[in-house]
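Step one of this worksheet: look at the structure below.
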Amino acid sequence: GFNCGIVGLPNVGKSTLFNALTKAGIAAENFPFCTIEPNTGIVPMPDPRLDALATIVKPERIIPTTMEFVDIAGLVAGASKGEGLGNQFLANIRETDAIAHVVRCFEDENVIHVAGRIDPLDDIATINTELALSDLDTVERALLRVSKSAKGGDKEAIILKNSLEKVLPLLNDGRPARAADLSDDDLKALKVYGLLTLKPTMYIANVNEDGFENNPHLDAVRQLAASENAIVVPICNKLEAEIAELEEDEKAEFLEAVGMDEPGLNRVIRAGYGLLGLHTYFTAGVKEVRAWTIPVGATAPQGAGKIHTDFEKGFIRAEVIAYDDYIQYKGEQGAKDAGKWRLEGKTYIMKDGDVVHFRFNV
Ligand code: GDP
């Protein structure tokens with residue numbers, strides 16, 4: 001699956017967020033066939049379309065798609081120098097697909113700040129500097145290697161060198177590589193290096209309940225994020241932790257009382273999904289109605305491969321009904337009668353919400 005690493009300085013609300021995510025998540029015993037590390041929370045992707053499909057199909061079970069959150073505690077200044085835990089921290093981030101960087105944007109005299117004052121930009125810089133230093137090391141080594149071949153006229157090396165040189169000055173300044181003006185070709189070239197500061201990043205601005213508006217800390221984070229191709233999700237982690245503790249029926253009541261349509265966590269989960277360029281297709285049968293995650297742009301065989309690798313190899317065709325048609329015509333038969341049932345081949349690019357039946361050879 002896809003995962004998102006939670007990072008941030010101590011005492012900014014990471015554990016509070018992680019616990020809320022885990023409580024809202026799926027219990028480890030529901031994954032008997034895989035080991036789930038204690039620092040990993042598997043959270044269902046909130047998607048009301050699943051329930052709408054289930055109302056029509058009446059399946060035995062409903063299976064949402066999921067997003068994994070990994071609590072990566074322990075970043076200390078000096079991590080990039082490769083000392084003990086710091087090194088481990090960077091290695092953990094390297095394995096994630098995206099970064100959720102929690103930043104303290106709340107005032108509370110009862111909660112100590114490691115630097116003694118609330119300054120989200122300074123906090124962000126502390127972490128980003130470590131990540132940038134690690135990337136700088138990678139980029140400098142890579143440049144040494146490609147420079148020779150580039151001089152010799154090697155075309156690929158010239159392209160690589162050019163892309164590396166675009167991110168070098170930023171990293172030298174302790175800024176993330178994603179803030180550089182990079183073309184798709186640059187991104188493609190740089191992919192092999194797995195740069196930490198090129199990972200899709202969201203800043204989770206942890207605010208107090210009344211801190212969503214007129215909050216200069218939040219505004220500062222928003223401004224920074226805009227300058228470096230990151231996104232911001234403001235949230236009150238403390239409130240989310242309280243919501244996550246509630247039983248389902250209490251939850252609805254509580255949310256209504258505080259004027260929320262849904263837990264704020266949903267925005268974090270959706271942002272992670274968007275950040276990774278993912279979307280969803282559905283399978284709808286009497287056994288189960290299920291959501292599947294695929295990258296935007298995935299073809300039908302690639303989509304099928306999510307269910308089983310054999311489905312991709314032996315792919316024959318996809319029988320597709322768009323979600324809206326499926327709902328409007330009350331299921332497969334209705335959609336067929338209305339001429340909304342399509343056969344799609346190997347080159348078909350899957351669309352968000354497709355309700356699909358794959359045909360394949362084994
Ligand atoms: P971590 O070290 O980053 O994992 O931080 P924790 O999640 O342990 O939070 C540190 C302290 O801040 C705890 O006492 C939390 O209850 C408190 N805290 C977390 N989020 C909020 C918030 O949104 N508002 C306030 N006032 N306190 C919070």
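Scheme for the structure tokens: letters A, B, ... for chains in order shown; per-chain residue numbers from 1; ligand numbers from 1 in order shown.
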Next item on the list: Check every protein, DNA and RNA residue against ligand 1, keep those with an atom at most 7 Å away (counting only C-alpha atoms and all ligand atoms), and present them as a PyMOL selection string.
Entry: chain A and resi 8-17+106-108+111+206-208+236-239
Near stretch 313-316 of chain A, within 9 Å and counting only C-alpha atoms, which residues show up once chain neighbours fewer than 6 positions away are dropped, as a tab-separated table (two decimals) with N, CA and C atoms, in the first residue's frame?
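Contents of part-v2.tsv, as written:
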chain	number	residue	atom	x	y	z
A	300	ALA	N	-6.06	-0.04	-17.34
A	300	ALA	CA	-6.94	-1.10	-16.84
A	300	ALA	C	-6.14	-2.32	-16.36
A	301	PRO	N	-5.13	-2.81	-17.13
A	301	PRO	CA	-4.37	-3.95	-16.61
A	301	PRO	C	-3.64	-3.62	-15.30
A	304	ALA	N	-6.15	-3.78	-12.62
A	304	ALA	CA	-6.45	-5.18	-12.33
A	304	ALA	C	-5.35	-5.81	-11.49
A	305	GLY	N	-4.12	-5.38	-11.75
A	305	GLY	CA	-2.96	-5.90	-11.02
A	305	GLY	C	-3.01	-5.60	-9.54
A	345	GLY	N	-10.37	-2.03	-23.16
A	345	GLY	CA	-9.21	-2.88	-23.41
A	345	GLY	C	-7.97	-2.46	-22.64
A	346	LYS	N	-6.84	-3.01	-23.09
A	346	LYS	CA	-5.57	-2.84	-22.37
A	346	LYS	C	-5.10	-1.41	-22.20
A	358	PHE	N	-13.19	-7.25	-13.99
A	358	PHE	CA	-12.10	-7.61	-14.90
A	358	PHE	C	-12.30	-9.02	-15.44
A	359	ARG	N	-12.00	-9.18	-16.71
A	359	ARG	CA	-11.97	-10.53	-17.32
A	359	ARG	C	-10.54	-10.86	-17.63
A	360	PHE	N	-10.14	-12.07	-17.27
A	360	PHE	CA	-8.74	-12.40	-17.46
A	360	PHE	C	-8.54	-13.90	-17.68
A	361	ASN	N	-7.41	-14.25	-18.28
A	361	ASN	CA	-6.98	-15.65	-18.46
A	361	ASN	C	-6.06	-16.03	-17.34
A	362	VAL	N	-6.13	-17.28	-16.89
A	362	VAL	CA	-5.10	-17.68	-15.91
A	362	VAL	C	-4.15	-18.69	-16.51
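Near A:Asp325, within 9 Å and counting only C-alpha atoms, sit Gly331, Gly334, Ala335, Ala338, Lys340 and Trp341 of chain A; same-chain residues fewer than 6 positions away were not included.
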Please produce a file of the residues just selected, as a CSV table (one decimal), in the first residue's frame, where the atoms kept are N, CA and C atoms.
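Written output follows (selection-v2.csv):
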chain,number,residue,atom,x,y,z
A,331,GLY,N,-27.6,0.0,-10.3
A,331,GLY,CA,-26.9,-1.2,-10.4
A,331,GLY,C,-26.5,-1.7,-11.8
A,334,GLY,N,-29.4,-2.3,-14.5
A,334,GLY,CA,-30.0,-1.0,-14.9
A,334,GLY,C,-29.1,-0.3,-15.8
A,335,ALA,N,-27.8,-0.2,-15.5
A,335,ALA,CA,-26.8,0.5,-16.3
A,335,ALA,C,-26.6,-0.2,-17.6
A,338,ALA,N,-29.5,0.7,-19.8
A,338,ALA,CA,-29.4,2.1,-20.3
A,338,ALA,C,-28.2,2.3,-21.2
A,340,LYS,N,-25.1,1.9,-20.5
A,340,LYS,CA,-23.9,2.6,-19.8
A,340,LYS,C,-22.9,1.6,-19.4
A,341,TRP,N,-22.9,0.4,-19.9
A,341,TRP,CA,-22.0,-0.7,-19.6
A,341,TRP,C,-21.0,-0.7,-20.7
Near stretch 250-261 of chain A, counting only C-alpha atoms, which residues have an atom at most 12 Å away, once you skip same-chain residues fewer than 4 positions from it, shown as a compact mmCIF listing (two decimals) with N, CA and C atoms, in the first residue's frame?
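Saved the output as around_14.txt:
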# COMPACT_ATOMS: atom_id res chain seq x y z
N ALA A 24 -9.14 5.64 14.82
CA ALA A 24 -10.09 5.70 13.72
C ALA A 24 -9.79 4.60 12.72
N GLU A 209 -8.62 24.66 19.15
CA GLU A 209 -9.98 24.64 18.60
C GLU A 209 -10.38 25.96 17.96
N ASP A 210 -9.91 27.07 18.55
CA ASP A 210 -10.29 28.38 18.04
C ASP A 210 -9.18 28.96 17.15
N ILE A 235 -5.52 21.50 11.54
CA ILE A 235 -6.32 20.54 12.30
C ILE A 235 -6.05 20.75 13.78
N LEU A 239 -8.57 17.87 19.68
CA LEU A 239 -10.00 17.64 19.44
C LEU A 239 -10.19 16.32 18.69
N GLU A 240 -9.32 16.05 17.72
CA GLU A 240 -9.42 14.81 16.94
C GLU A 240 -9.24 13.59 17.84
N ALA A 241 -8.34 13.72 18.82
CA ALA A 241 -8.11 12.61 19.74
C ALA A 241 -9.37 12.36 20.56
N GLU A 242 -10.06 13.44 20.94
CA GLU A 242 -11.30 13.29 21.71
C GLU A 242 -12.38 12.66 20.85
N ILE A 243 -12.48 13.10 19.60
CA ILE A 243 -13.50 12.55 18.69
C ILE A 243 -13.26 11.06 18.48
N ALA A 244 -11.99 10.70 18.32
CA ALA A 244 -11.65 9.30 18.02
C ALA A 244 -12.02 8.37 19.17
N GLU A 245 -12.10 8.93 20.39
CA GLU A 245 -12.45 8.12 21.56
C GLU A 245 -13.93 7.75 21.59
N LEU A 246 -14.76 8.50 20.88
CA LEU A 246 -16.21 8.35 21.01
C LEU A 246 -16.76 7.15 20.25
N LEU A 265 -9.75 14.47 10.75
CA LEU A 265 -8.81 13.44 10.30
C LEU A 265 -9.05 13.08 8.85
N ASN A 266 -10.33 13.10 8.45
CA ASN A 266 -10.65 12.74 7.07
C ASN A 266 -9.89 13.62 6.08
N ARG A 267 -9.71 14.88 6.48
CA ARG A 267 -8.99 15.80 5.58
C ARG A 267 -7.53 15.41 5.48
Notebook entry, point to check: So which residues touch stretch 212-219 of chain A within 12 Å, counting only C-alpha atoms, skipping near sequence neighbours fewer than 2 positions away, as an NGL selection string?
Noted result: :A and (102-107 or 117-124 or 203-210 or 221-226 or 232-236 or 264)
Now that the selection is made, can you save its residues with N, CA and C atoms as an mmCIF file, in the first residue's frame?
data_model
loop_
_atom_site.group_PDB
_atom_site.id
_atom_site.type_symbol
_atom_site.label_atom_id
_atom_site.label_comp_id
_atom_site.auth_asym_id
_atom_site.auth_seq_id
_atom_site.Cartn_x
_atom_site.Cartn_y
_atom_site.Cartn_z
ATOM 1 N N VAL A 102 4.148 17.510 11.085
ATOM 2 C CA VAL A 102 3.286 18.166 12.074
ATOM 3 C C VAL A 102 4.010 19.379 12.661
ATOM 4 N N VAL A 103 3.302 20.501 12.677
ATOM 5 C CA VAL A 103 3.894 21.745 13.148
ATOM 6 C C VAL A 103 3.007 22.351 14.225
ATOM 7 N N ARG A 104 3.621 22.769 15.301
ATOM 8 C CA ARG A 104 2.835 23.346 16.393
ATOM 9 C C ARG A 104 2.440 24.782 16.064
ATOM 10 N N CYS A 105 1.125 24.999 15.943
ATOM 11 C CA CYS A 105 0.599 26.338 15.709
ATOM 12 C C CYS A 105 -0.368 26.705 16.819
ATOM 13 N N PHE A 106 -0.230 26.030 17.970
ATOM 14 C CA PHE A 106 -1.113 26.347 19.094
ATOM 15 C C PHE A 106 -0.305 26.883 20.261
ATOM 16 N N GLU A 107 -0.927 27.807 20.985
ATOM 17 C CA GLU A 107 -0.323 28.327 22.210
ATOM 18 C C GLU A 107 -0.923 27.543 23.371
ATOM 19 N N ARG A 117 9.594 28.600 22.659
ATOM 20 C CA ARG A 117 8.634 29.561 22.084
ATOM 21 C C ARG A 117 7.980 28.947 20.855
ATOM 22 N N ILE A 118 6.792 29.479 20.513
ATOM 23 C CA ILE A 118 6.061 28.950 19.365
ATOM 24 C C ILE A 118 6.541 29.675 18.117
ATOM 25 N N ASP A 119 7.177 28.960 17.237
ATOM 26 C CA ASP A 119 7.663 29.555 16.002
ATOM 27 C C ASP A 119 7.681 28.478 14.916
ATOM 28 N N PRO A 120 6.531 28.277 14.272
ATOM 29 C CA PRO A 120 6.412 27.157 13.333
ATOM 30 C C PRO A 120 7.451 27.194 12.206
ATOM 31 N N LEU A 121 7.778 28.381 11.726
ATOM 32 C CA LEU A 121 8.730 28.431 10.613
ATOM 33 C C LEU A 121 10.113 27.964 11.058
ATOM 34 N N ASP A 122 10.473 28.343 12.260
ATOM 35 C CA ASP A 122 11.755 27.913 12.803
ATOM 36 C C ASP A 122 11.759 26.395 13.024
ATOM 37 N N ASP A 123 10.647 25.872 13.520
ATOM 38 C CA ASP A 123 10.515 24.424 13.733
ATOM 39 C C ASP A 123 10.655 23.671 12.410
ATOM 40 N N ILE A 124 9.955 24.191 11.409
ATOM 41 C CA ILE A 124 10.003 23.553 10.087
ATOM 42 C C ILE A 124 11.431 23.572 9.566
ATOM 43 N N TYR A 203 2.105 19.937 5.407
ATOM 44 C CA TYR A 203 2.312 20.433 6.757
ATOM 45 C C TYR A 203 0.987 20.315 7.493
ATOM 46 N N ILE A 204 1.003 19.595 8.590
ATOM 47 C CA ILE A 204 -0.194 19.497 9.409
ATOM 48 C C ILE A 204 -0.065 20.548 10.489
ATOM 49 N N ALA A 205 -0.790 21.643 10.307
ATOM 50 C CA ALA A 205 -0.712 22.756 11.239
ATOM 51 C C ALA A 205 -1.628 22.446 12.418
ATOM 52 N N ASN A 206 -1.026 22.094 13.530
ATOM 53 C CA ASN A 206 -1.795 21.719 14.716
ATOM 54 C C ASN A 206 -2.211 22.968 15.475
ATOM 55 N N VAL A 207 -3.499 23.290 15.368
ATOM 56 C CA VAL A 207 -4.009 24.523 15.978
ATOM 57 C C VAL A 207 -4.938 24.191 17.146
ATOM 58 N N ASN A 208 -5.210 25.180 17.980
ATOM 59 C CA ASN A 208 -6.228 25.003 19.008
ATOM 60 C C ASN A 208 -7.603 25.066 18.359
ATOM 61 N N GLU A 209 -8.623 24.661 19.147
ATOM 62 C CA GLU A 209 -9.977 24.637 18.596
ATOM 63 C C GLU A 209 -10.382 25.964 17.961
ATOM 64 N N ASP A 210 -9.913 27.065 18.555
ATOM 65 C CA ASP A 210 -10.294 28.380 18.037
ATOM 66 C C ASP A 210 -9.179 28.961 17.151
ATOM 67 N N VAL A 221 2.721 29.363 8.084
ATOM 68 C CA VAL A 221 2.946 28.027 7.509
ATOM 69 C C VAL A 221 2.378 27.966 6.093
ATOM 70 N N ARG A 222 1.199 28.564 5.921
ATOM 71 C CA ARG A 222 0.568 28.567 4.594
ATOM 72 C C ARG A 222 1.464 29.255 3.568
ATOM 73 N N GLN A 223 2.039 30.360 3.982
ATOM 74 C CA GLN A 223 2.877 31.132 3.076
ATOM 75 C C GLN A 223 4.124 30.329 2.689
ATOM 76 N N LEU A 224 4.723 29.711 3.671
ATOM 77 C CA LEU A 224 5.916 28.906 3.401
ATOM 78 C C LEU A 224 5.586 27.749 2.455
ATOM 79 N N ALA A 225 4.506 27.053 2.759
ATOM 80 C CA ALA A 225 4.124 25.885 1.959
ATOM 81 C C ALA A 225 3.916 26.267 0.499
ATOM 82 N N ALA A 226 3.290 27.424 0.298
ATOM 83 C CA ALA A 226 3.024 27.873 -1.072
ATOM 84 C C ALA A 226 4.326 28.098 -1.833
ATOM 85 N N VAL A 232 -0.991 22.478 3.077
ATOM 86 C CA VAL A 232 -1.215 22.630 4.515
ATOM 87 C C VAL A 232 -2.577 22.061 4.890
ATOM 88 N N VAL A 233 -2.607 21.299 5.951
ATOM 89 C CA VAL A 233 -3.879 20.823 6.501
ATOM 90 C C VAL A 233 -3.958 21.308 7.945
ATOM 91 N N PRO A 234 -4.785 22.340 8.210
ATOM 92 C CA PRO A 234 -4.941 22.781 9.596
ATOM 93 C C PRO A 234 -5.860 21.812 10.328
ATOM 94 N N ILE A 235 -5.519 21.502 11.544
ATOM 95 C CA ILE A 235 -6.317 20.539 12.296
ATOM 96 C C ILE A 235 -6.053 20.752 13.782
ATOM 97 N N CYS A 236 -7.034 20.408 14.613
ATOM 98 C CA CYS A 236 -6.790 20.445 16.051
ATOM 99 C C CYS A 236 -6.646 19.001 16.523
ATOM 100 N N GLY A 264 -11.929 15.897 11.391
ATOM 101 C CA GLY A 264 -10.889 16.588 10.639
ATOM 102 C C GLY A 264 -9.848 15.618 10.096
#
Next item on the list: Taking the chain letters and numbering used in this document, name the residues of stretch 55-300 of chain A that DSSP puts in helix (DSSP H, G or I), as number ranges by chain.
Entry: A: 55-57, 79-81, 84-94, 120-151, 155-172, 177-179, 184-193, 196-198, 216-227, 237-245, 248-257, 265-275, 300
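Distance-wise, atom CA of A:Leu190 and atom CA of A:Val268 end up 27.3 Å apart.
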